[in-house]
Every structure is written in structure tokens, then in C-alpha cells.
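Student: Pasting a structure below so you can have a look.
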Amino acid sequence: MTSSANAFQSGVSVRSVSKSFGQTRVLSDISLEIGPREFLTLLGPSGCGKSTLLRIIAGLDHADEGSIALGNQTVDGLLPRERDVAMVFQSYALYPYMTVAENIGLPLLMRRTRSWQRLPLIRRLHPVARAATGTIARDVRRAAEALQIETFLDRKPGQLSGGQRQRVALARAMVRNPRVFLMDEPLSNLDAKLRVAARAEIAELHRRSGVACIYVTHDQVEAMTMSDRVAVMMGGEVLQVAPPAEIYDRPAELRVAEFVGSPKINILPGTVRSDGGIDVPGGALAIQSRLPAGTAVSVGMRPEHCDVAPGLGAGGIHGRVRHRENLGSDLFVHVETAGEHRIVARSVPEIAAAVPPDATVTLRPRPDRALLFDRAGRRL
Amino acid sequence: MIARRHLPFAVFRHVVLAVGAVIMLAPFIWLLSLAVKPADEIFTTDIRLLPLKWDAARNFTEAFNKVPLHRYLLNGVVVTAAIFTLQVLVALPAAYALAKLRFGLAKPLFALVLLGLLIPGHVPAIPHYIMLSHAGLLNTYPALVFPSIISVFGIFWIRQFFRTVPDDLIHAARLDGLSEFSIVWRIMLPAAMPALVAFGILSVVFHWNDYFWPLLVVTSPDMAMPALGTVYLRNTEAGTDYGPLMAGTAIITAPLVIAFLFAQRRFIEGMTLTGLKG
Ligand SMILES: Nc1ncnc2c1ncn2[C@@H]1O[C@H](COP(=O)(O)OP(=O)(O)O)[C@@H](O)[C@H]1O
Ligand SMILES: [Mg+2]
């Protein structure tokens, strides 16, 4: 956990990696650069190839094409253990028949002793082996203390709760100061409350270790809250790599815009008018697009960028309230406009009484925050 | 609740099972009964379980005097232990490779294992015999052990069990620095314990009771396995002295029965795991 052990610290380069399982192409031409101390999240729906990419980086699986470099060393020919990466698995993958201490200590034992020194009797008697056992015990304890699991060291994983197991898995990954951390949905088996705490903790551990981390998740909240940068993956491709705020505010594609944000971004079909404004079902957007008149676009509006006002006002988009969700802090108003398009707008609970179901309302999207996408889904 | 509603059925079930148990156990009970009776009580017309005059001591000492019973038992322990150990040494890595490694020959090799399951153990007996004879190993421990080292059943069995071990566990081990062999012994072996116990029981019981192969390769009494030993015991006096014969048979069956009583739960766990259920 100290920084001294890692004299050189490295990032990860993924260069044009492709992978198919039989006929199914799971990864197509993925390229990514991860900085030496960066926390990069691979965000995407399940089945999009995130775990496969992580396994390829770890050397547990082989790419059909492309190559992986750690720092400035190409590692394609190296076995997983020679790559010096540590991984935390979704299932934690703790060794069920070993104690917590043995689980955390195994990577150290395998690295610091030779196979003959691990034979039962020699391990106890040979001075070198005994010394190694001592330092391993010390390092295990230190890692366990960092994660507050030092009181469980003698238990088996089966006797631990989900949150404790997750910490053991983290400790096992951190104990040997790897070049890179790979984490495959490490929080998805925790309950909601624990997840919030663990999010902060992992981010904190990453900052302290100063090692690059590739974190896989399908949970956008994890991606947005923990990462330096997010790589949005879908269907085996990386759609956009950018800091969380940029992913949210300036998505490169319609698919990214739709995947990130909750409630989902509102999408309406629109046509550019000659004055630069955009006609949408139920009204128009007063923006100044520089697109040629008549261009068909998709207009994206996030719920928090749509104001709702009761009654039929001038301008804006008219519609009828279909449903309201009062979260206490926010009020989400579901509005149906012409052509049965649904728009969700975020407002304040105070206006709930003014927008009862079936009331007619006027939506006024903030013109500067509207996102325009072309037919192919690229942002304009 | 359920039991009460189905009371007639439960009674019926127990009666059927009890009758079955009596039929199965009767020969053994009879064997024990004869083993403690004096010779003149064995051939009487009335059936009684307990003897009028206990003669257990004479029967059991006679059994030990006539043939080296302890030697048969020792041979049984040495040979079954050696066979099982070697079977595990072969089967675990083979099963691991077939279950978890991806290589070109994995499918054809597994097909060969399945094919091997279909071949009765008696088929290769003659070739094995000739090989051992050429090697000058007949009538030795290696002759008793050698043909059983590779158990296709064991390989198949443990492979099926290994299929249920999550890949992530193996991935974690590879990242933690374990070689493939370390993975087999440090990770897969402990995971496979239930399957190994079941396999061990089947293996030991089979080889302890095996009569066919020892009969072929054993030529002197001091190399006999337990089952063959009972036959030597019978031959010593042309099978007339039933008391000592039954006593000897009881001793030879005893280790398995005692082992069963001690490890009953494991035994049954192992059997249900196999899906053989008896
Ligand atoms: N060993 C494999 N053999 C065949 N198909 C696989 C294998 N591993 C993964 N896949 C397929 O590849 C796709 C991507 O899987 P994965 O990388 O696990 O996705 P994610 O982690 O994003 O949910 C899935 O459709 C999955 O079915
Ligand atoms: Mg996955």
C-alpha cells in the first residue's frame, strides 16, 4: 500500500483489440489509453463485452487482434501472473477453503517463496521460508487494517457477510501493490446502502494507492461518481471516452445520451425551420441552430432542463399531464405531447397542485441545453 | 403435517423397507451367528441365532491360525490406499484439464474418456497380465495396483464436479500467481473433496472386494487380497470347518463395515452426490 514499492507506475494501453466467440463479435476494434494514476470506468449495459475486455487486459483471455501494453511494455505474450495486475471479481472469487488471512496472503506467498519452500514442513523450518511467512503475515495484517477486516482474519469466506467478503477481495487485490487494478462490478452484489459507502471507499483507496484502475460497471451512478473518465461501451464498441460531466452534458451519440442519466433523457423528432428554430410535436424550440432548413433531427432534453408551467402558454411545447412522481426533493411530471410522445420534466414539489393529472401544461426546454442529433445518432 | 396426512403410506413404506433390509442383512446375520457357534451346533435342524455354547474365541483364533488373515488385511489396506492415491494423482489434473482448459484436443480426449467408461474392466485384463508377466512383476504389489491407476470413471466424475467450480476462482488464482498445477492442488483439490470422498469410497470398496484381478496375478497366499484370502481360508480344510471360515469372513468384511459406521454421513453424502443412490 505504500508508494515506495511501485517505483514505476504505469498506465494501460488497449490497442485495436477485437474478440469473437465463435460467430459472435464481442469486441470490435477497441482502443483506450488509461493514465498512470487514472480511474477509468467502463460503463455499458450487461453483455456489451466489458468483462471480456477486462479479462483480455489481465491475460485471462486472448484477443483475436490488437494488443495490450502496461506502461510501455507490451504484455501480449505474458501470463496473467507475469502482468502484475490485480482483479476484483463480481463474485469476489474468494478461495472458500482458506481463511481470510490465507486468501489475502496467497498472492504474496506465491510471489515471495519458491515452490519447495511452500512444502508444509520446510515452510515451518527453513529460515528463508519462515522469514517470508513473517513478512507476509505483516503485510496481510496491514492490508486487512486498511479495510477494517483485521478481526475476521481467521474466518472462512462462508462465515462473512457480502460486504465483508467484498472487502476481503479488495484486500487481496491491494496487498501486493499491482501495476493496475481491474474491478469487475465489485459492488453489484451489495445492497444499496452498502454500495454508497463502498463507492466512496474504493475511490479513496484508489487515490491513496496511486495506481491505475479500470472499473467495470453497468451502473451509471458508480461511473459518474467515482471516475476520472468514463468509457461508454455498447455492443462491443467504445462510444465515447470522457470525464463524467462531459459524458452527461455533451454525449457524442444518442445512445450515450440515452444510457446516461436518470430519468432518461427525452428525445423528440424535430425539423429545422428556416429561422433556425426547431419544430417538435406539440410546439417548437426557440434555439438558433445553424442547420439547413428542413433537416430532420432528434432533439434531446434532460428532465432537469425542461421547465413546466400550468396552462397553455405562448411558445414552448404543449401537452397533457399523464403522471406525477413526487420524490420529496423533486417532482417529475410525465407529459404527453402531440403524437403520443412522452416527456419527463423535473420540477419542484410545490407546483404539484398546479399540475394535476390531465391538466394541460407548457414545457419550456432550456434552449442552451438542448442536444441535437442527426439521423445516425451523432450529436450535431 | 405431511407425515400425518400420509400416515398409511408412511407405514407401508417402512414395512417395505424393513422387509428389504431383513432380506439384505439376513446372510450377514447368519454369518455372524455361525462365526460364534461351535461346530456341532452349525448343522442342526432348528434355526437359532444365538449359540447354546459360545465358541467365538476358538473360531476366531482358528481363522487366524489357518491363514495369515492379518496379512490379507494389510495387503488390502496397502493396495487400496496405493490405488486410490495414484488414481487421485492421475484423475485430478486430467479432470482439471478436461473441465477447465481450452485446448484443441479437449473434446476428442473427453470422448475417449467416455468411451473408456463403456469398456468393462475385465477386457484389458489379459494384456495387462502379459505386460506384468514380461516385466516380471506378477505376484507383487505393483501387479495388484498398476491396472487400476487410471480410473476413467474417476476422471469423468471429478471432471463433472470441476465443471461446477466457477471460472472466476481459477482466474483469481492465475492472477495471484498460481501455476496450473498449483491450481489443481491448492484450489481444485479442496473444492473437490465431496466428490473425492465419494470416489474414494467406491474405489476402496471395489478393490477391497475385488476377487477377479488378484486371482489372476497372485500366486502365493502372502500376496492375497481380502476377498481372495477367504477363498484360501475355505480351501485349507476343503470348507468343512464353517465356524472359523465364517469368523475369517467376518473379519475381512469388518473394516468396510466399521468404516461405513464411522463415516456414514459422508458415505451417504457422497452417494447422493453421485446420483447413484446405492
Ligand atoms: N467464454 C465465452 N464463450 C462464449 N461467449 C461468451 C464467453 N464469454 C462471454 N461471452 C459472450 O460475450 C458477450 C459479452 O460478455 P461479457 O464480456 O461478459 O459482457 P459484460 O461483462 O459487459 O456483461 C456476451 O454476449 C456473452 O454471452
Ligand atoms: Mg460482466
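FYI, nothing fancy with the C-alpha cells labels: chains A, B, ... in order, residues from 1 per chain, ligands from 1 as they appear.
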Select all residues from chain B having any atom no more than 7 Å from an atom of chain A (counting only C-alpha atoms, ignoring ligands), output as a ChimeraX atom specification.
Tutor: /B:168-169,171-172,174-178,190
Student: Would you list the residues that come within 7 Å of ligand 1? Count only C-alpha atoms and all ligand atoms and give the answer as a list in words.
Tutor: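 These are the residues that qualify: Phe21, Val26, Gly44, Pro45, Ser46, Gly47, Cys48, Gly49, Lys50, Ser51, Thr52 and Leu53 of chain A.
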Student: Write out the residues from the selection above, keeping N, CA and C atoms, as a PDB file, in the first residue's frame.
Tutor:
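Contents of again21.pdb, freshly written:
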```
ATOM      1  N   PHE A  21     -16.392 -14.709 -30.004  1.00  0.00           N
ATOM      2  CA  PHE A  21     -16.620 -16.065 -29.513  1.00  0.00           C
ATOM      3  C   PHE A  21     -17.415 -16.778 -30.598  1.00  0.00           C
ATOM      4  N   VAL A  26     -17.670  -9.927 -30.031  1.00  0.00           N
ATOM      5  CA  VAL A  26     -17.951  -9.369 -28.710  1.00  0.00           C
ATOM      6  C   VAL A  26     -17.250  -8.026 -28.524  1.00  0.00           C
ATOM      7  N   GLY A  44     -21.416   0.275 -19.420  1.00  0.00           N
ATOM      8  CA  GLY A  44     -22.222  -0.220 -20.528  1.00  0.00           C
ATOM      9  C   GLY A  44     -23.213  -1.237 -20.040  1.00  0.00           C
ATOM     10  N   PRO A  45     -24.241  -1.492 -20.831  1.00  0.00           N
ATOM     11  CA  PRO A  45     -25.241  -2.479 -20.427  1.00  0.00           C
ATOM     12  C   PRO A  45     -24.612  -3.859 -20.334  1.00  0.00           C
ATOM     13  N   SER A  46     -25.271  -4.758 -19.635  1.00  0.00           N
ATOM     14  CA  SER A  46     -24.652  -6.076 -19.467  1.00  0.00           C
ATOM     15  C   SER A  46     -24.654  -6.812 -20.802  1.00  0.00           C
ATOM     16  N   GLY A  47     -23.583  -7.541 -21.043  1.00  0.00           N
ATOM     17  CA  GLY A  47     -23.449  -8.256 -22.299  1.00  0.00           C
ATOM     18  C   GLY A  47     -22.725  -7.472 -23.381  1.00  0.00           C
ATOM     19  N   CYS A  48     -22.232  -6.269 -23.044  1.00  0.00           N
ATOM     20  CA  CYS A  48     -21.607  -5.461 -24.091  1.00  0.00           C
ATOM     21  C   CYS A  48     -20.113  -5.755 -24.222  1.00  0.00           C
ATOM     22  N   GLY A  49     -19.584  -6.656 -23.413  1.00  0.00           N
ATOM     23  CA  GLY A  49     -18.195  -7.056 -23.589  1.00  0.00           C
ATOM     24  C   GLY A  49     -17.229  -6.473 -22.573  1.00  0.00           C
ATOM     25  N   LYS A  50     -17.738  -5.866 -21.511  1.00  0.00           N
ATOM     26  CA  LYS A  50     -16.857  -5.236 -20.528  1.00  0.00           C
ATOM     27  C   LYS A  50     -15.956  -6.255 -19.836  1.00  0.00           C
ATOM     28  N   SER A  51     -16.575  -7.320 -19.352  1.00  0.00           N
ATOM     29  CA  SER A  51     -15.778  -8.328 -18.640  1.00  0.00           C
ATOM     30  C   SER A  51     -14.770  -8.976 -19.570  1.00  0.00           C
ATOM     31  N   THR A  52     -15.176  -9.198 -20.806  1.00  0.00           N
ATOM     32  CA  THR A  52     -14.259  -9.800 -21.771  1.00  0.00           C
ATOM     33  C   THR A  52     -13.035  -8.914 -21.957  1.00  0.00           C
ATOM     34  N   LEU A  53     -13.252  -7.620 -22.084  1.00  0.00           N
ATOM     35  CA  LEU A  53     -12.123  -6.696 -22.250  1.00  0.00           C
ATOM     36  C   LEU A  53     -11.211  -6.735 -21.020  1.00  0.00           C
TER      37      LEU A  53
END
```
Student: Neighbours of Asn235 (chain B) within 12 Å (only C-alpha atoms; same-chain residues fewer than 4 positions away dropped), as a list in words?
Tutor: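 Here the answer would be Lys66, Val67, Pro221, Leu228, Gly229, Thr230, Val231, Gly239, Thr240, Asp241, Tyr242 and Leu245 of chain B.
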Student: Identify, on the basis of only C-alpha atoms, every residue whose closest approach to region 22-34 of chain B does not exceed 8 Å; exclude the query and any residue fewer than 3 positions from it along the same chain; express the result as a list in words.
Tutor: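 Residues meeting the cut-off are Ala18, Val19, Lys37, Ile42, Leu49, Leu50, Pro51, Tyr242, Gly243, Met246, Ala247 and Ala250 of chain B.
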Student: Keeping N, CA and C atoms for every residue in the selection just given, could you write it to a file as a compact mmCIF listing (two decimals), in the first residue's frame?
Tutor:
```txt
# COMPACT_ATOMS: atom_id res chain seq x y z
N ALA B 18 -38.32 -52.27 5.60
CA ALA B 18 -37.87 -53.19 6.64
C ALA B 18 -37.70 -54.59 6.06
N VAL B 19 -38.68 -55.02 5.26
CA VAL B 19 -38.58 -56.35 4.65
C VAL B 19 -37.33 -56.42 3.78
N LYS B 37 -20.64 -69.96 16.79
CA LYS B 37 -21.18 -71.25 17.23
C LYS B 37 -20.10 -72.34 17.17
N ILE B 42 -23.71 -76.03 14.31
CA ILE B 42 -23.92 -75.43 12.99
C ILE B 42 -24.86 -76.27 12.15
N LEU B 49 -30.48 -68.08 16.45
CA LEU B 49 -29.48 -67.07 16.12
C LEU B 49 -28.29 -67.15 17.07
N LEU B 50 -28.61 -67.25 18.37
CA LEU B 50 -27.52 -67.27 19.35
C LEU B 50 -27.17 -68.70 19.70
N PRO B 51 -25.90 -68.98 19.89
CA PRO B 51 -25.48 -70.36 20.19
C PRO B 51 -25.83 -70.75 21.62
N TYR B 242 -16.93 -74.71 9.22
CA TYR B 242 -17.62 -73.46 8.92
C TYR B 242 -17.43 -72.37 9.95
N GLY B 243 -17.24 -72.77 11.20
CA GLY B 243 -17.07 -71.76 12.25
C GLY B 243 -15.93 -70.82 11.95
N MET B 246 -16.44 -68.70 8.76
CA MET B 246 -17.32 -67.54 8.93
C MET B 246 -16.63 -66.46 9.76
N ALA B 247 -15.88 -66.89 10.75
CA ALA B 247 -15.16 -65.90 11.58
C ALA B 247 -14.18 -65.12 10.71
N ALA B 250 -15.99 -62.75 8.50
CA ALA B 250 -16.46 -61.60 9.28
C ALA B 250 -15.33 -60.59 9.45
```
Student: Can you tell me, as a PyMOL selection string, what residues are no more than 7 Å from region 85-90 of chain B when counting only C-alpha atoms, ignoring any on the same chain fewer than 6 positions away?
Tutor: chain B and resi 149-151
Student: Write out as a list in words the residues lying within 7 Å of region 198-202 of chain A, counting only C-alpha atoms and excluding same-chain residues fewer than 4 positions away.
Tutor: Leu194, His206, Glu222 and Met226 of chain A
Student: For region 351-367 of chain A, please output as a ChimeraX atom specification all residues within 6 Å (counting only C-alpha atoms; exclusion window: fewer than 3 positions along the same chain).
Tutor: /A:287,305-313,316-322,370
Student: May I have the selected residues written with C-alpha atoms, as a PDB file, in the first residue's frame?
Tutor:
```pdb
ATOM      1  CA  ILE A 287     -32.970  27.892 -30.433  1.00  0.00           C
ATOM      2  CA  HIS A 305     -33.627  21.241 -18.369  1.00  0.00           C
ATOM      3  CA  CYS A 306     -37.373  21.347 -19.053  1.00  0.00           C
ATOM      4  CA  ASP A 307     -39.454  23.859 -17.120  1.00  0.00           C
ATOM      5  CA  VAL A 308     -43.118  23.056 -16.596  1.00  0.00           C
ATOM      6  CA  ALA A 309     -45.803  25.680 -16.303  1.00  0.00           C
ATOM      7  CA  PRO A 310     -49.545  25.104 -15.911  1.00  0.00           C
ATOM      8  CA  GLY A 311     -51.834  26.174 -18.759  1.00  0.00           C
ATOM      9  CA  LEU A 312     -51.203  26.829 -22.410  1.00  0.00           C
ATOM     10  CA  GLY A 313     -48.513  29.494 -22.596  1.00  0.00           C
ATOM     11  CA  GLY A 316     -42.734  26.005 -25.753  1.00  0.00           C
ATOM     12  CA  ILE A 317     -44.290  22.596 -26.110  1.00  0.00           C
ATOM     13  CA  HIS A 318     -47.865  21.929 -25.119  1.00  0.00           C
ATOM     14  CA  GLY A 319     -49.057  18.702 -23.610  1.00  0.00           C
ATOM     15  CA  ARG A 320     -51.171  16.974 -21.036  1.00  0.00           C
ATOM     16  CA  VAL A 321     -50.007  15.632 -17.660  1.00  0.00           C
ATOM     17  CA  ARG A 322     -50.221  11.863 -17.528  1.00  0.00           C
ATOM     18  CA  ALA A 370     -30.997  21.071 -25.868  1.00  0.00           C
TER      19      ALA A 370
END
```
Student: Given the choices A:His341, A:Arg273, A:His218, A:Arg379, which gets closest to ligand 2 if the distance is worked out from only C-alpha atoms and all ligand atoms?
Tutor: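 For ligand 2, the nearest of the given residues is A:His218.
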Student: Please, what distance in Å, to one decimal, runs between CA of Leu132 (chain B) and CA of Leu216 (chain B)?
Tutor: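 About the pair CA of Leu132 (chain B) and CA of Leu216 (chain B): they are 11.1 Å apart.
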Student: From the list B:Leu233, B:Ala198, B:Val152, B:Leu215, which residue is nearest Arg265 (chain B) when using only C-alpha atoms?
Tutor: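 The answer is B:Ala198, which sits nearest to Arg265 (chain B).
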Student: Enumerate as a ChimeraX atom specification all residues of region 25-148 of chain A assigned to strand (DSSP E or B) by DSSP on the backbone, naming them with the chain letters and numbers the document uses.
Tutor: /A:25-34,39-43,65-70,73-74,85-88
